[in-house]
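Shown next: target.cif, given as mmCIF, C-alpha atoms.
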data_model
#
loop_
_atom_site.label_atom_id
_atom_site.label_comp_id
_atom_site.auth_asym_id
_atom_site.auth_seq_id
_atom_site.Cartn_x
_atom_site.Cartn_y
_atom_site.Cartn_z
CA MET A 143 14.53 -27.84 66.98
CA ASP A 144 15.45 -28.53 70.58
CA PRO A 145 13.56 -26.67 73.29
CA PRO A 146 15.43 -23.72 74.82
CA THR A 147 18.07 -24.93 77.26
CA PRO A 148 16.61 -23.38 80.46
CA GLU A 149 13.66 -25.77 80.19
CA LYS A 150 15.99 -28.74 80.44
CA SER A 151 16.78 -27.96 84.06
CA ILE A 152 13.12 -28.23 85.01
CA SER A 153 12.52 -31.57 86.62
CA PRO A 154 8.80 -32.39 86.74
CA SER A 155 9.14 -34.51 89.85
CA SER A 156 10.72 -31.69 91.81
CA ILE A 157 7.89 -29.30 90.97
CA GLN A 158 4.89 -31.51 91.52
CA LYS A 159 3.52 -30.84 94.97
CA ALA A 160 2.29 -34.36 95.57
CA THR A 161 5.50 -36.30 96.25
CA GLU A 162 9.10 -35.26 96.64
CA VAL A 163 11.34 -38.05 95.39
CA PRO A 164 14.44 -38.41 97.59
CA ASP A 165 17.85 -39.08 95.97
CA LYS A 166 17.89 -42.41 97.78
CA VAL A 167 14.71 -44.43 98.01
CA VAL A 168 14.04 -46.89 100.83
CA ILE A 169 12.89 -50.21 99.40
CA LEU A 170 11.23 -52.73 101.69
CA PHE A 171 11.52 -56.28 100.33
CA LYS A 172 8.92 -58.82 101.39
CA GLU A 173 9.16 -62.51 100.55
CA THR A 174 6.16 -64.42 99.23
CA GLY A 175 5.58 -68.15 99.13
CA SER A 176 8.71 -70.29 99.40
CA ALA A 177 11.16 -67.50 98.50
CA PRO A 178 14.09 -67.23 100.93
CA ALA A 179 13.92 -64.50 103.59
CA LEU A 180 16.43 -61.67 103.89
CA LYS A 181 18.31 -60.99 107.13
CA GLN A 182 17.86 -57.33 106.46
CA ASN A 183 14.91 -56.35 104.28
CA LYS A 184 15.25 -52.56 103.96
CA PHE A 185 17.74 -51.06 101.54
CA LYS A 186 18.41 -47.60 100.15
CA LEU A 187 18.79 -47.46 96.39
CA SER A 188 19.40 -44.48 94.14
CA SER A 189 16.21 -43.04 92.66
CA ALA A 190 18.00 -43.07 89.30
CA ALA A 191 18.46 -46.87 89.47
CA THR A 192 16.34 -48.92 87.10
CA PHE A 193 14.08 -51.76 88.15
CA LYS A 194 16.56 -54.10 86.46
CA ASP A 195 19.17 -52.84 88.96
CA VAL A 196 16.75 -53.68 91.78
CA LEU A 197 16.29 -57.21 90.44
CA LEU A 198 20.05 -57.77 90.09
CA PHE A 199 20.65 -56.32 93.56
CA LEU A 200 18.11 -58.63 95.17
CA ARG A 201 19.35 -61.69 93.26
CA LYS A 202 22.80 -60.97 94.66
CA GLN A 203 21.49 -60.46 98.20
CA LEU A 204 19.59 -63.75 98.06
CA GLN A 205 22.39 -65.53 96.16
CA VAL A 206 19.90 -66.80 93.61
CA GLN A 207 21.51 -69.16 91.10
CA ALA A 208 21.62 -68.03 87.47
CA GLU A 209 19.20 -70.75 86.37
CA ASP A 210 16.60 -69.97 89.07
CA SER A 211 13.76 -67.48 88.62
CA LEU A 212 12.99 -64.52 90.82
CA PHE A 213 9.92 -62.35 90.25
CA LEU A 214 9.47 -58.88 91.73
CA PHE A 215 6.15 -57.14 92.27
CA VAL A 216 5.52 -53.58 93.41
CA ASN A 217 2.86 -53.55 96.16
CA GLY A 218 2.15 -57.19 95.39
CA ALA A 219 0.36 -55.98 92.27
CA PHE A 220 2.49 -55.70 89.13
CA GLN A 221 5.93 -56.30 87.66
CA PRO A 222 7.49 -53.04 86.44
CA SER A 223 9.47 -53.15 83.23
CA ALA A 224 13.26 -53.40 83.55
CA GLU A 225 13.81 -49.80 82.46
CA GLU A 226 11.41 -48.06 84.87
CA SER A 227 13.25 -45.94 87.44
CA VAL A 228 13.08 -46.42 91.17
CA GLY A 229 12.33 -42.71 91.56
CA ILE A 230 9.24 -42.83 89.33
CA LEU A 231 8.00 -46.00 91.00
CA TYR A 232 8.44 -44.35 94.40
CA LYS A 233 6.59 -41.24 93.23
CA CYS A 234 3.60 -43.20 91.90
CA PHE A 235 3.42 -46.19 94.27
CA HIS A 236 5.17 -45.44 97.57
CA SER A 237 3.50 -46.18 100.87
CA GLY A 238 4.65 -44.11 103.78
CA ASN A 239 8.23 -43.20 102.97
CA LYS A 240 9.17 -46.42 101.22
CA LEU A 241 8.56 -48.52 98.16
CA ILE A 242 7.31 -52.04 98.89
CA VAL A 243 8.63 -54.78 96.60
CA ASN A 244 7.39 -58.34 97.03
CA TYR A 245 9.51 -61.14 95.64
CA SER A 246 8.75 -64.70 94.78
CA SER A 247 10.34 -67.65 93.01
CA THR A 248 7.08 -68.14 91.08
CA GLN A 249 4.56 -65.86 89.32
CA ALA A 250 2.77 -65.25 92.61
CA PHE A 251 0.45 -62.39 91.69
CA GLY A 252 -2.11 -61.77 88.97
CA MET B 289 -22.35 -30.02 97.91
CA SER B 290 -21.76 -27.75 94.98
CA GLY B 291 -18.55 -29.61 94.09
CA SER B 292 -20.31 -32.84 93.33
CA ILE B 293 -22.86 -31.06 91.13
CA VAL B 294 -20.07 -29.73 88.96
CA ARG B 295 -18.65 -33.21 88.70
CA GLN B 296 -21.94 -34.72 87.67
CA SER B 297 -22.61 -32.11 85.03
CA THR B 298 -19.25 -32.78 83.36
CA ASP B 299 -19.47 -36.54 83.78
CA GLY B 300 -22.38 -36.65 81.36
CA LEU B 301 -20.01 -35.62 78.58
CA LEU B 302 -17.13 -37.80 79.63
CA ASP B 303 -17.82 -40.91 77.64
CA ASP B 304 -17.25 -40.38 73.94
CA GLY B 305 -17.20 -43.64 72.03
CA ASP B 306 -16.93 -41.90 68.65
CA ILE B 307 -13.67 -40.24 69.65
CA ARG B 308 -12.33 -43.47 71.10
CA LYS B 309 -13.12 -45.30 67.87
CA GLU B 310 -11.40 -42.61 65.78
CA MET B 311 -8.32 -42.85 68.01
CA TRP B 312 -8.31 -46.63 67.70
CA LYS B 313 -8.46 -46.38 63.90
CA SER B 314 -5.65 -43.85 63.56
CA VAL B 315 -2.56 -45.14 61.79
CA VAL B 316 0.99 -44.15 60.95
CA PRO B 317 2.10 -44.66 57.32
CA ILE B 318 5.52 -46.32 57.45
CA ARG B 319 8.09 -47.12 54.76
CA PHE B 320 10.17 -50.06 56.02
CA VAL B 321 13.62 -50.38 54.45
CA LEU B 322 16.10 -53.24 55.01
CA HIS B 323 19.33 -51.78 56.39
CA SER B 324 22.19 -52.00 53.86
CA ASN B 325 24.41 -53.97 56.29
CA ASP B 326 21.85 -56.73 56.36
CA ILE B 327 21.37 -57.19 52.60
CA SER B 328 23.17 -60.25 51.30
CA THR B 329 21.70 -60.47 47.79
CA LEU B 330 22.72 -58.61 44.62
CA SER B 331 19.28 -57.11 44.22
CA VAL B 332 18.01 -54.63 46.78
CA PRO B 333 14.57 -55.45 48.24
CA ASP B 334 11.70 -53.05 47.61
CA PRO B 335 10.66 -51.03 50.64
CA LEU B 336 7.54 -52.24 52.41
CA TYR B 337 4.73 -49.69 52.87
CA LEU B 338 2.31 -50.35 55.72
CA LEU B 339 -0.34 -48.43 57.67
CA ILE B 340 0.37 -49.30 61.29
CA PRO B 341 -2.14 -48.64 64.11
CA ARG B 342 -0.81 -45.93 66.44
CA HIS B 343 -1.41 -48.00 69.57
CA THR B 344 0.31 -51.23 68.55
CA PHE B 345 3.87 -52.40 69.27
CA LEU B 346 6.38 -53.21 66.52
CA PRO B 347 6.87 -56.90 67.45
CA LEU B 348 3.14 -57.48 66.88
CA ILE B 349 3.56 -56.62 63.19
CA SER B 350 7.06 -57.99 62.65
CA LYS B 351 5.87 -61.23 60.98
CA THR B 352 4.77 -59.32 57.88
CA ILE B 353 8.04 -57.40 57.77
CA HIS B 354 10.08 -60.55 58.36
CA LYS B 355 8.30 -62.28 55.47
CA HIS B 356 8.94 -59.38 53.10
CA PHE B 357 12.69 -59.10 53.75
CA SER B 358 13.84 -62.53 54.89
CA SER B 359 14.85 -63.81 51.44
CA PHE B 360 17.25 -60.85 51.03
CA THR B 361 19.34 -61.51 54.09
CA ALA B 362 21.58 -64.43 55.04
CA LEU B 363 21.67 -63.30 58.65
CA LEU B 364 18.43 -64.87 59.65
CA LYS B 365 18.53 -67.74 62.08
CA GLY B 366 14.86 -68.54 61.67
CA THR B 367 13.56 -66.36 64.51
CA GLU B 368 12.11 -62.87 64.64
CA SER B 369 13.48 -62.14 68.10
CA GLU B 370 16.69 -60.58 66.75
CA MET B 371 14.75 -58.12 64.58
CA TRP B 372 14.89 -54.48 65.55
CA PHE B 373 14.12 -51.12 63.98
CA ASP B 374 15.66 -47.68 63.76
CA HIS B 375 14.88 -44.19 62.54
CA LYS B 376 17.90 -42.26 61.27
CA GLY B 377 20.23 -44.50 63.27
CA ILE B 378 18.30 -44.22 66.55
CA PRO B 379 17.04 -47.63 67.73
CA LEU B 380 13.26 -47.71 68.26
CA LYS B 381 12.07 -49.12 71.59
CA TRP B 382 9.53 -51.83 70.81
CA ASN B 383 7.77 -51.21 74.12
CA TYR B 384 6.63 -47.71 73.14
CA PRO B 385 3.44 -47.53 71.06
CA VAL B 386 4.14 -46.95 67.35
CA GLY B 387 2.26 -43.62 67.38
CA ILE B 388 4.40 -42.39 70.29
CA LEU B 389 7.59 -43.44 68.48
CA TYR B 390 6.43 -41.51 65.42
CA ASP B 391 5.63 -38.41 67.50
CA ILE B 392 8.90 -38.34 69.46
CA MET B 393 11.10 -39.07 66.45
CA ASN B 394 9.38 -36.44 64.26
CA ARG B 395 9.24 -33.52 66.64
CA ASN B 396 8.28 -30.87 64.12
CA SER B 397 8.49 -32.25 60.61
CA GLY B 398 5.95 -35.07 60.70
CA ALA B 399 7.28 -36.48 57.41
CA GLN B 400 5.09 -39.11 55.80
CA PRO B 401 5.57 -41.90 55.14
CA TRP B 402 7.85 -42.36 58.11
CA GLU B 403 11.08 -44.14 57.14
CA VAL B 404 12.02 -47.00 59.45
CA GLY B 405 15.13 -49.18 59.06
CA VAL B 406 14.84 -52.95 59.54
CA HIS B 407 17.70 -54.93 61.13
CA PHE B 408 18.33 -58.64 61.59
CA GLN B 409 21.61 -58.46 63.52
CA ALA B 410 23.55 -56.53 66.18
CA TYR B 411 20.58 -56.09 68.54
CA PRO B 412 21.25 -52.95 70.64
CA SER B 413 20.61 -54.63 74.00
CA ASP B 414 21.94 -51.63 75.90
CA VAL B 415 19.07 -49.40 74.69
CA ILE B 416 16.20 -51.76 73.80
CA LEU B 417 14.65 -54.44 75.99
CA HIS B 418 14.84 -57.95 74.58
CA CYS B 419 11.69 -59.29 73.03
CA ASN B 420 11.73 -63.07 72.75
CA ASN B 421 8.25 -63.60 71.41
CA GLU B 422 4.63 -62.46 71.64
CA ASN B 423 4.56 -63.48 75.30
CA THR B 424 7.17 -60.83 76.11
CA VAL B 425 4.90 -58.19 74.56
CA LYS B 426 1.85 -59.56 76.37
CA ASN B 427 3.67 -59.55 79.70
CA TYR B 428 4.82 -55.98 79.14
CA PHE B 429 1.37 -54.78 78.08
CA VAL B 430 -0.50 -56.50 80.91
CA ASN B 431 1.88 -55.15 83.54
CA ALA B 432 1.64 -51.59 82.15
CA LEU B 433 -2.14 -52.02 82.33
CA LYS B 434 -1.86 -53.21 85.93
CA GLU B 435 0.15 -50.09 86.79
CA SER B 436 -2.40 -47.74 85.29
CA ILE B 437 -5.36 -49.59 86.83
CA TYR B 438 -3.59 -49.47 90.20
CA ILE B 439 -3.15 -45.69 89.79
CA LYS B 440 -6.82 -45.18 88.87
CA ASN B 441 -8.34 -47.47 91.52
CA GLY B 442 -5.74 -47.81 94.27
CA ASP B 443 -5.43 -51.54 93.59
CA CYS B 444 -5.67 -54.07 90.74
CA SER B 445 -8.81 -55.88 91.89
CA ARG B 446 -10.86 -54.86 88.83
CA LEU B 447 -8.23 -56.46 86.61
CA ASN B 448 -7.62 -59.51 88.78
CA ASN B 449 -11.37 -60.16 89.04
CA LEU B 450 -11.88 -60.33 85.26
CA SER B 451 -13.05 -63.70 84.01
CA VAL B 452 -10.61 -65.81 81.99
CA VAL B 453 -12.66 -65.02 78.89
CA ASP B 454 -12.53 -61.27 79.55
CA SER B 455 -8.76 -61.35 80.20
CA GLY B 456 -8.31 -63.20 76.92
CA ASP B 457 -10.49 -60.69 75.07
CA LEU B 458 -8.52 -57.81 76.55
CA TRP B 459 -5.15 -59.04 75.27
CA GLU B 460 -6.35 -60.58 72.01
CA GLY B 461 -8.58 -57.59 71.27
CA PHE B 462 -5.56 -55.34 71.64
CA ARG B 463 -3.24 -57.65 69.71
CA ASP B 464 -5.68 -58.22 66.86
CA ASN B 465 -6.80 -54.60 66.69
CA ASP B 466 -10.40 -55.55 67.53
CA TYR B 467 -11.97 -52.41 69.01
CA SER B 468 -15.20 -53.82 70.45
CA ARG B 469 -13.57 -56.95 71.85
CA PHE B 470 -10.99 -54.85 73.68
CA TRP B 471 -13.21 -52.01 74.90
CA GLN B 472 -16.07 -54.06 76.27
CA CYS B 473 -13.55 -55.53 78.76
CA ASN B 474 -11.44 -52.43 79.21
CA GLN B 475 -14.41 -50.38 80.37
CA LYS B 476 -14.79 -52.72 83.35
CA LEU B 477 -11.37 -51.68 84.64
CA SER B 478 -11.96 -48.01 85.42
CA PRO B 479 -14.01 -46.57 88.26
CA GLU B 480 -16.76 -44.01 87.70
CA PRO B 481 -15.08 -40.76 86.62
CA SER B 482 -15.88 -39.13 89.97
CA GLU B 483 -14.19 -42.04 91.79
CA PHE B 484 -10.80 -41.84 90.09
CA LYS B 485 -7.97 -41.80 92.62
CA TYR B 486 -5.46 -40.47 90.12
CA ILE B 487 -5.07 -40.26 86.36
CA PRO B 488 -2.07 -42.22 84.99
CA VAL B 489 -0.02 -40.02 82.65
CA ARG B 490 3.27 -40.52 80.80
CA ILE B 491 4.99 -37.39 79.52
CA PHE B 492 7.63 -37.48 76.79
CA ARG B 493 10.00 -34.54 76.49
CA ASP B 494 12.80 -36.25 74.57
CA LYS B 495 13.38 -39.20 72.26
CA GLN B 496 14.53 -41.70 74.87
CA SER B 497 12.30 -41.74 77.89
CA TYR B 498 9.17 -40.52 79.63
CA VAL B 499 8.29 -39.30 83.08
CA GLN B 500 5.33 -41.02 84.69
CA GLU B 501 2.97 -38.90 86.77
CA ILE B 502 -0.08 -39.51 88.88
CA VAL B 503 -2.47 -36.61 88.40
CA THR B 504 -5.35 -35.50 90.61
CA PRO B 505 -8.44 -35.28 88.36
CA TYR B 506 -10.39 -32.71 90.41
CA ASP B 507 -9.43 -29.61 92.36
CA GLU B 508 -10.38 -28.98 95.97
CA GLN B 509 -13.75 -27.53 94.90
CA GLY B 510 -14.54 -30.67 92.91
CA ASN B 511 -14.07 -29.03 89.51
CA SER B 512 -12.42 -31.00 86.72
CA ARG B 513 -8.78 -30.04 86.26
CA THR B 514 -7.78 -29.27 82.70
CA ILE B 515 -4.68 -30.48 80.89
CA GLY B 516 -3.48 -26.86 81.04
CA ASP B 517 -3.82 -26.84 84.86
CA VAL B 518 -1.93 -30.13 85.09
CA LEU B 519 0.96 -29.08 82.84
CA ASP B 520 1.24 -25.72 84.61
CA GLU B 521 1.58 -27.52 87.92
CA LEU B 522 4.04 -30.12 86.68
CA PHE B 523 6.29 -27.73 84.78
CA GLY B 524 5.84 -24.57 86.81
CA GLY B 525 4.13 -22.73 83.93
CA LYS B 526 7.16 -23.27 81.66
CA VAL B 527 5.43 -25.27 78.93
CA SER B 528 4.17 -23.39 75.92
CA TYR B 529 0.77 -24.82 75.10
CA ASP B 530 1.24 -24.95 71.34
CA ARG B 531 4.01 -27.54 71.86
CA VAL B 532 1.75 -30.07 73.57
CA LYS B 533 0.45 -33.07 71.67
CA VAL B 534 -1.75 -35.99 72.62
CA GLN B 535 -2.09 -38.81 70.08
CA GLY B 536 -0.35 -36.57 67.57
CA LEU B 537 -2.98 -33.82 67.96
CA ARG B 538 -2.93 -30.49 69.77
CA PRO B 539 -5.55 -30.64 72.51
CA SER B 540 -7.37 -27.54 73.70
CA MET B 541 -5.79 -26.62 77.03
CA ASP B 542 -9.19 -26.35 78.73
CA THR B 543 -9.95 -30.03 78.08
CA PRO B 544 -10.61 -31.87 81.36
CA ILE B 545 -7.77 -34.33 82.06
CA VAL B 546 -10.33 -36.98 83.05
CA TRP B 547 -11.95 -36.69 79.59
CA LEU B 548 -8.59 -37.09 77.86
CA SER B 549 -7.80 -40.10 80.03
CA GLY B 550 -11.13 -41.77 79.27
CA ASN B 551 -11.18 -41.19 75.52
CA VAL B 552 -7.71 -40.47 74.20
CA CYS B 553 -5.57 -42.79 76.33
CA HIS B 554 -3.56 -45.68 74.93
CA PRO B 555 -5.04 -49.17 75.43
CA ASP B 556 -2.66 -49.60 78.41
CA ASN B 557 -4.83 -46.85 80.00
CA PHE B 558 -1.97 -44.36 80.27
CA LEU B 559 -2.53 -40.93 78.78
CA TYR B 560 0.58 -40.18 76.71
CA VAL B 561 1.45 -36.51 76.44
CA HIS B 562 4.20 -35.32 74.13
CA VAL B 563 5.78 -31.94 74.86
CA VAL B 564 7.70 -31.01 71.72
#
Just dump the structure as structure tokens.
Amino acid sequence: MDPPTPEKSISPSSIQKATEVPDKVVILFKETGSAPALKQNKFKLSSAATFKDVLLFLRKQLQVQAEDSLFLFVNGAFQPSAEESVGILYKCFHSGNKLIVNYSSTQAFG
Amino acid sequence: MSGSIVRQSTDGLLDDGDIRKEMWKSVVPIRFVLHSNDISTLSVPDPLYLLIPRHTFLPLISKTIHKHFSSFTALLKGTESEMWFDHKGIPLKWNYPVGILYDIMNRNSGAQPWEVGVHFQAYPSDVILHCNNENTVKNYFVNALKESIYIKNGDCSRLNNLSVVDSGDLWEGFRDNDYSRFWQCNQKLSPEPSEFKYIPVRIFRDKQSYVQEIVTPYDEQGNSRTIGDVLDELFGGKVSYDRVKVQGLRPSMDTPIVWLSGNVCHPDNFLYVHVV
């Protein structure tokens, strides 16, 4: 049995008092180690985007070759799984009004 | 301060090793069946019946399943990485704990044993992450743990400061289903209950995905917040309590969320809540 339809319109993130998740999330990219720097390091991505989308976006921005590695870390602490959404990561790990993502060509953290 | 007295009086009851051990031992009975598209012999293989720990991931048990079915299929290229599983045609995400998969796929019925289809071809890459080997699972698990430890402490220093031996025990204890090996390291990762920044919670409301929340463990007076308080806040009072399950069980709604987190969480330290 599916729950009654009205419940489906309830979005937990919109009700929780703690953090409102904007439709577009500001991501601040910071390079670590020998990773190339970005000319512009702040981008707005949809909160519905997955972390895989973030990785592909950054690879394109940095013009990383297919055979080269690029590792992304939220707050310099952990690598989210490819299917986690930008909105949830913002809600749980934002600082100020942005999500900080460090990137590196090696496994820099942990 | 009266608030801190309340905290201390509940903290004394917060650590319940007996409950944790029971949770660790809980299993899902599964009947694995090779999907008909994958059978290339005249005889049909017998199903494989296994009791699978609720907290484990499917790739960590796939060797046994591979061994049982591999002689009945010509599709095998010698690796397990193309193996995947389904329930009634819905692909099962390997990165969700088995117990969670069972709960979300069996909303009301709870049929036992649970029938799971085994596949050796046509990996549904659009809905399931790829799993190359055990290292993929380890990487996923360790990073989920880092997320939850970050939420509890505000950083990952407790995890990063573990000795090499402890880090090894943490992963291998989880992988090998060794309760004491895992927990003696895991307990070093959480702050004192009164020092929790937030409680890491993942809430499932459908078969495909969860919403991750960070939950304040105490109210402004310093009293423990209950799971009922938390769900009321998150869902604006729209959740009927008898539809809430944690580890397949219906918790009392006046249970402190910090107690549930400490004793009924998954080994990745997230508390998984299923709202049917």
Taking the file as shown, find all residues satisfying the PyMOL selection byres ((chain A and resi 250) around 9) and write them as a PyMOL selection string.
chain A and resi 174-175+213+215+218+245-249+251-252
Worksheet entry | Polymer residues at most 10 Å from stretch 370-379 of chain B, only C-alpha atoms, same-chain spacing of 5 or more positions, as a PyMOL selection string | chain B and resi 320-323+346-347+350+353-354+363-365+389-390+393-394+402-412+415-416+418-420+495-496
Got time to write the residues from that selection, C-alpha atoms, as a PDB file, keeping the file's coordinate frame?
ATOM      1  CA  PHE B 320      10.170 -50.060  56.020  1.00  0.00           C
ATOM      2  CA  VAL B 321      13.620 -50.380  54.450  1.00  0.00           C
ATOM      3  CA  LEU B 322      16.100 -53.240  55.010  1.00  0.00           C
ATOM      4  CA  HIS B 323      19.330 -51.780  56.390  1.00  0.00           C
ATOM      5  CA  LEU B 346       6.380 -53.210  66.520  1.00  0.00           C
ATOM      6  CA  PRO B 347       6.870 -56.900  67.450  1.00  0.00           C
ATOM      7  CA  SER B 350       7.060 -57.990  62.650  1.00  0.00           C
ATOM      8  CA  ILE B 353       8.040 -57.400  57.770  1.00  0.00           C
ATOM      9  CA  HIS B 354      10.080 -60.550  58.360  1.00  0.00           C
ATOM     10  CA  LEU B 363      21.670 -63.300  58.650  1.00  0.00           C
ATOM     11  CA  LEU B 364      18.430 -64.870  59.650  1.00  0.00           C
ATOM     12  CA  LYS B 365      18.530 -67.740  62.080  1.00  0.00           C
ATOM     13  CA  LEU B 389       7.590 -43.440  68.480  1.00  0.00           C
ATOM     14  CA  TYR B 390       6.430 -41.510  65.420  1.00  0.00           C
ATOM     15  CA  MET B 393      11.100 -39.070  66.450  1.00  0.00           C
ATOM     16  CA  ASN B 394       9.380 -36.440  64.260  1.00  0.00           C
ATOM     17  CA  TRP B 402       7.850 -42.360  58.110  1.00  0.00           C
ATOM     18  CA  GLU B 403      11.080 -44.140  57.140  1.00  0.00           C
ATOM     19  CA  VAL B 404      12.020 -47.000  59.450  1.00  0.00           C
ATOM     20  CA  GLY B 405      15.130 -49.180  59.060  1.00  0.00           C
ATOM     21  CA  VAL B 406      14.840 -52.950  59.540  1.00  0.00           C
ATOM     22  CA  HIS B 407      17.700 -54.930  61.130  1.00  0.00           C
ATOM     23  CA  PHE B 408      18.330 -58.640  61.590  1.00  0.00           C
ATOM     24  CA  GLN B 409      21.610 -58.460  63.520  1.00  0.00           C
ATOM     25  CA  ALA B 410      23.550 -56.530  66.180  1.00  0.00           C
ATOM     26  CA  TYR B 411      20.580 -56.090  68.540  1.00  0.00           C
ATOM     27  CA  PRO B 412      21.250 -52.950  70.640  1.00  0.00           C
ATOM     28  CA  VAL B 415      19.070 -49.400  74.690  1.00  0.00           C
ATOM     29  CA  ILE B 416      16.200 -51.760  73.800  1.00  0.00           C
ATOM     30  CA  HIS B 418      14.840 -57.950  74.580  1.00  0.00           C
ATOM     31  CA  CYS B 419      11.690 -59.290  73.030  1.00  0.00           C
ATOM     32  CA  ASN B 420      11.730 -63.070  72.750  1.00  0.00           C
ATOM     33  CA  LYS B 495      13.380 -39.200  72.260  1.00  0.00           C
ATOM     34  CA  GLN B 496      14.530 -41.700  74.870  1.00  0.00           C
TER      35      GLN B 496
END
- Exercise answer, chain B residues close to chain A, 8 Å and only C-alpha atoms, as a VMD selection string: chain B and resid 395 to 396 417 428 431 to 432 434 to 435 438 to 439 443 to 444 448 499 to 502 521 to 524 526 564
Could you give me, as a JSON list (two decimals) with C-alpha atoms, in the coordinates of the input, the residues that sit within 12 Å of (-13.3, -49.7, 79.6) in the file's coordinates, counting all atoms listed in the file?
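So selection10.json came out as:
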[["chain", "number", "residue", "atom", "x", "y", "z"],
["B", 303, "ASP", "CA", -17.82, -40.91, 77.64],
["B", 304, "ASP", "CA", -17.25, -40.38, 73.94],
["B", 305, "GLY", "CA", -17.20, -43.64, 72.03],
["B", 308, "ARG", "CA", -12.33, -43.47, 71.10],
["B", 433, "LEU", "CA", -2.14, -52.02, 82.33],
["B", 437, "ILE", "CA", -5.36, -49.59, 86.83],
["B", 446, "ARG", "CA", -10.86, -54.86, 88.83],
["B", 447, "LEU", "CA", -8.23, -56.46, 86.61],
["B", 454, "ASP", "CA", -12.53, -61.27, 79.55],
["B", 458, "LEU", "CA", -8.52, -57.81, 76.55],
["B", 467, "TYR", "CA", -11.97, -52.41, 69.01],
["B", 468, "SER", "CA", -15.20, -53.82, 70.45],
["B", 469, "ARG", "CA", -13.57, -56.95, 71.85],
["B", 470, "PHE", "CA", -10.99, -54.85, 73.68],
["B", 471, "TRP", "CA", -13.21, -52.01, 74.90],
["B", 472, "GLN", "CA", -16.07, -54.06, 76.27],
["B", 473, "CYS", "CA", -13.55, -55.53, 78.76],
["B", 474, "ASN", "CA", -11.44, -52.43, 79.21],
["B", 475, "GLN", "CA", -14.41, -50.38, 80.37],
["B", 476, "LYS", "CA", -14.79, -52.72, 83.35],
["B", 477, "LEU", "CA", -11.37, -51.68, 84.64],
["B", 478, "SER", "CA", -11.96, -48.01, 85.42],
["B", 479, "PRO", "CA", -14.01, -46.57, 88.26],
["B", 480, "GLU", "CA", -16.76, -44.01, 87.70],
["B", 481, "PRO", "CA", -15.08, -40.76, 86.62],
["B", 549, "SER", "CA", -7.80, -40.10, 80.03],
["B", 550, "GLY", "CA", -11.13, -41.77, 79.27],
["B", 551, "ASN", "CA", -11.18, -41.19, 75.52],
["B", 553, "CYS", "CA", -5.57, -42.79, 76.33],
["B", 554, "HIS", "CA", -3.56, -45.68, 74.93],
["B", 555, "PRO", "CA", -5.04, -49.17, 75.43],
["B", 556, "ASP", "CA", -2.66, -49.60, 78.41],
["B", 557, "ASN", "CA", -4.83, -46.85, 80.00]]
Need the shell around stretch 178-186 of chain A: protein/DNA/RNA residues with any atom at most 8 Å away, counting only C-alpha atoms. Skip same-chain ones fewer than 4 positions apart. Format as a ChimeraX atom specification? /A:166-173,203-204
Atom CA of B:His562 sits from atom CA of B:Asn441 at a separation of 24.6 Å
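Applied to this file, the PyMOL selection byres ((chain B and resi 531) around 6) selects the residues B:Ser528, B:Tyr529, B:Asp530, B:Val532, B:Val563, B:Val564.
You can rank B:Val546, B:Val527, B:Leu339, B:Val518 by their closest distance to B:Val316 using all atoms listed in the file, and at the top of that list sits B:Leu339.
Relative to atom CA of B:Val503, atom CA of B:Ile491 is found at 11.6 Å.
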For this session: Compute the distance from (16.7, -51.8, 47.5) to each atom, counting only C-alpha atoms, keep the residues with any atom at most 12 Å away, and return them as a VMD selection string; use the coordinates of the file.
Result: chain B and resid 320 to 336 357 360 405
Just want the 7 Å neighbourhood of B:Val561, counted on all atoms listed in the file, with same-chain residues fewer than 3 positions away dropped. Output as a short mmCIF file (atom, residue, chain, number, x, y, z; two decimals) with C-alpha atoms, keeping the file's coordinate frame.
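out_27.cif was written with the following content:
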data_model
loop_
_atom_site.label_atom_id
_atom_site.label_comp_id
_atom_site.auth_asym_id
_atom_site.auth_seq_id
_atom_site.Cartn_x
_atom_site.Cartn_y
_atom_site.Cartn_z
CA ARG B 490 3.27 -40.52 80.80
CA ILE B 491 4.99 -37.39 79.52
CA PHE B 492 7.63 -37.48 76.79
CA LYS B 533 0.45 -33.07 71.67
CA VAL B 534 -1.75 -35.99 72.62
#
